[in-house]
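Novice: Before anything else, here's the structure in question.
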Amino acid sequence: MGKNLGYKSRESRKEIYKNKRSRARKKQVGRILFVGVIALFLIFISGSYFLVADEIHQGGWNKEELKEKKNETKNTDNQELNERKEEKDKTDEKKEQVNDEKEEVDAEKEADNKDEKSNQGDKNNKVVYLTFDDGPSRNVTEPILDILDEYDVKGTFFVLGRQVEYYPNITKRIHDEGHLVANHTYSHDYASLYDEGNMIAELKKTDEIIRDVLGKLPSNLIRFPGGSFGKKRELYRQEVKQNGYNFVDWNVVNGDGEGKNYSKEELVERVHETHNNQNHAVVLMHDSAAQQNTAKALPEIIEFYKEEGYSFKTLENFG
Ligand SMILES: [Zn+2]
């Protein structure tokens, strides 16, 4: 009898233990569900944030904090994907960056879809900022300058110090014809800039080169090679600001950095695909020597923005 009771009580202890474990499992499932719901909520909140940030951004470009956060997400980085592909030595970290940047593209698309409504009905305020990176070069920058002159529109050239040393006269021409010359570092070399930490040194070196050529430094505006966004550039964003620079990314591309050797027609098409009717369109293009189709596509891109009612400005008063 005693044994039986003992046996039964062991059984019921087992039963209790089983129930406890089952409850623990249920709790664990509950916790996983809870975390999932929180994650969805955060995704929803961040989507709403982009919408708000963009509305403020359209109001004036002067909310630095928002601008920075916007820059983190609202950009594509096709140029740099391409340049990275060309590098012989692909490290794992670089592959990771490519993935990060694909996510940025998705985030941008999502944000743009959401802010489309807020952009509409404000046709008088539409501004397009044509930007040309990685030059100057003789065979692409000069035809681009001819086209801009023909259409009487102004653009912004994010030059490399290295290229300004090769082509001081073209750099002067950019400046003399009313376009903005801005700093895109000396080498554009990610290893030097971000791994070895030479970002500020390269910016300062390029400032000096521009100053020597133009007799002045037209702007404290810079563009990060690869864009400013993402956690991996957070320290550099801070450092750049602490050194008195402003930075700007882009929200439209012509795709000349996507590594696909697009035809003139395809470059125009990429602008149509990415422009999203934004009130402030910052168009990323390249005037490095390989980008001859960029010059060929430019007239149609300019005509497109004219037809859409945009005015053309340099990024001179940005920030
Ligand atoms: Zn670049």
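Residue names in the structure tokens use chain letters A, B, ... in the order shown, residue numbers from 1 in each chain, and ligand numbers from 1 in the order shown.
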Taking only C-alpha atoms and all ligand atoms into account, report as a PyMOL selection string which residues have an atom no farther than 12 Å from an atom of ligand 1.
Specialist: chain A and resi 77-84+131-136+157-161+163+182-190+222-228+249-250+256-257+284-288
Novice: Neighbours of Ile302 in chain A within 10 Å (only C-alpha atoms; same-chain residues fewer than 3 positions away dropped), as an MDAnalysis selection string?
Specialist: chainID A and resid 128 130 147:148 151 153 268 297:299 305:308 310 312
Novice: So that I can see what lies close to range 195-201 of chain A, please list as a VMD selection string the residues with an atom at most 8 Å from it, counting only C-alpha atoms and leaving out residues fewer than 4 positions away in the same chain.
Specialist: chain A and resid 185 190 to 191 205 236 239 to 240 243
Novice: Take CA of Arg233 in chain A and CA of Leu203 in chain A and report the distance between them in Å, one decimal.
Specialist: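 Straight-line distance from CA of Arg233 in chain A to CA of Leu203 in chain A works out to 15.3 Å.
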Novice: Which one of A:Glu165, A:Thr141, A:Glu316, A:Gly259 sits closest to Leu217 in chain A if you count only C-alpha atoms?
Specialist: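 Among the listed residues, A:Glu316 lies closest to Leu217 in chain A.
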Novice: Work out how far CA of Asp176 in chain A is from CA of Tyr129 in chain A, in Å to one decimal.
Specialist: 18.3 Å
Novice: In Å, rounded to a single decimal, give me how far CA of Val213 in chain A is from CA of Thr171 in chain A.
Specialist: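 We find that CA of Thr171 in chain A and CA of Val213 in chain A lie 7.6 Å from each other.
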Novice: When you look at Leu214 in chain A with a cut-off of 12 Å (counting only C-alpha atoms), what residues show up, excluding the ones that are within fewer than 5 positions of it in the same chain? I need them as a list in words.
Specialist: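 Within the cut-off, the hits are Val164, Glu165, Pro168, Asn169, Ile170, Thr171, Lys172, Arg173, Ile174, His175, Asp176, Leu180, Val181, Ala182, Asp207, Glu208, Ile209 and Ser219 of chain A.
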